[in-house]
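Structure first, commentary second.
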Amino acid sequence: MANGPNYKIKPRRRREGKTNYYKRYVYVISKQIRFIIRITNKYVIVQIAKIDPKGDIMVASAHSSELTKKFEWKGDENNTPSAYLTGYLAALRAVKKGVTECVADIGLHVPSKGNKVFYAIKGAIDAGLKIPIGNISIENDRIKGEHIAKYAEKLKSENLDLYNKLFSRYLGRGLNPENLPSHFEEILNKIKSSGG
């Protein structure tokens, strides 16, 4: 580690890899409402926040665990379809409160092709928010979970033990993973009819 009279210790959250202070500075200067997406090992969390000198003001938020509790979602809470649904739900709540435009805040997630953060943003755009994302390719079959259904179908015929192990949460909740696309449509319609 460097030492000496000119060495400056970086802020704690920067050292821990939790905050990119340059990005944060740009958001504060722009004074725009942020569409914040965070994906953990278990959940997708989406928040819409206004910048304030005292601290961010949350306008609306959604957590992927709500999909299970309120809308009877039987799939995983951090896969691509649940990211889309969580983004959609958060955006519906934000639109109700008069928010029409946001900028995407993906934090320390890498903006790579197929990243789940972009599917959460796509869900928000479909719900009525304007969020500029540039030329990011979004595959509609991945939104519905068709890639998961195809893999499950293939695995079921090749290795039933591994199939039961990998999809134990789906099966435990009473959903065959091959039926995920139709289940996704059902949950999306429930969210639309609830209005958020």
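Letters for chains follow the order of the structure tokens (A, B, ...), residue numbers begin at 1 for each chain, and ligand numbers begin at 1 in the order shown.
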Would you pick out the contacts of segment 149-162 of chain A at 10 Å or less, using only C-alpha atoms, so that residues sharing its chain but fewer than 5 positions from it are not included, and give the list as a PyMOL selection string?
chain A and resi 142+144+167-168+176-181
Tell me which protein, DNA and RNA residues are within 8 Å of Asp76 of chain A, counting only C-alpha atoms, leaving out same-chain ones fewer than 6 positions away, and put them as a ChimeraX atom specification.
/A:82,169-170
Output the selection as a CSV table (one decimal), in the first residue's frame - N, CA, C and O atoms for each residue.
```csv
chain,number,residue,atom,x,y,z
A,82,SER,N,-38.3,-12.0,-14.1
A,82,SER,CA,-38.6,-11.3,-12.9
A,82,SER,C,-38.0,-9.9,-12.9
A,82,SER,O,-38.6,-9.0,-12.3
A,169,ARG,N,-37.0,-25.1,-6.9
A,169,ARG,CA,-37.9,-24.0,-6.4
A,169,ARG,C,-39.1,-23.8,-7.3
A,169,ARG,O,-40.2,-23.6,-6.8
A,170,TYR,N,-38.9,-24.0,-8.6
A,170,TYR,CA,-40.1,-23.9,-9.5
A,170,TYR,C,-41.1,-25.1,-9.2
A,170,TYR,O,-42.3,-24.9,-9.0
```
May I have all residues of segment 37-92 of chain A that DSSP, computed from the backbone, assigns to strand (DSSP E), given as JSON, numbers by chain?
{"A": [37, 38, 39, 44, 45, 46, 47, 48, 49, 50, 57, 58, 59, 60, 61, 62, 63]}
May I have all residues of segment 21-177 of chain A that DSSP, computed from the backbone, assigns to helix (DSSP H, G or I), given as a PyMOL selection string?
chain A and resi 21-30+64-71+80-96+116-127+140-144+146-158+160-166+168-172+177
Closest contacts (segment 57-78 of chain A/segment 115-137 of chain A, max 12 Å, only C-alpha atoms) as CSV:
```
residue,atom,partner,partner_atom,distance
A:Ser61,CA,A:Ala124,CA,11.6
A:Ala62,CA,A:Ala120,CA,10.9
A:His63,CA,A:Ala120,CA,11.5
A:Ser64,CA,A:Ala120,CA,10.8
A:Glu77,CA,A:Lys116,CA,11.9
A:Asn78,CA,A:Lys116,CA,8.7
```
Could you write out the selected residues, including C-alpha atoms, as a compact mmCIF listing (two decimals), in the first residue's frame?
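Written output follows (again06.txt):
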```txt
# COMPACT_ATOMS: atom_id res chain seq x y z
CA SER A 61 -39.93 1.20 -5.67
CA ALA A 62 -40.51 -2.50 -6.32
CA HIS A 63 -38.87 -5.66 -5.01
CA SER A 64 -39.01 -8.98 -6.83
CA GLU A 77 -36.94 -13.87 -8.06
CA ASN A 78 -33.71 -12.81 -9.80
```
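One finds atom CA of Ile45 of chain A at 8.5 Å from atom CA of Gly87 of chain A.
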Could you pull the residues within 12 Å of Leu67 of chain A, counting only C-alpha atoms, minus those fewer than 4 positions along the same chain, as a ChimeraX atom specification?
/A:43-45,62-63,71-78,81-90,184,186-188,190-191,196
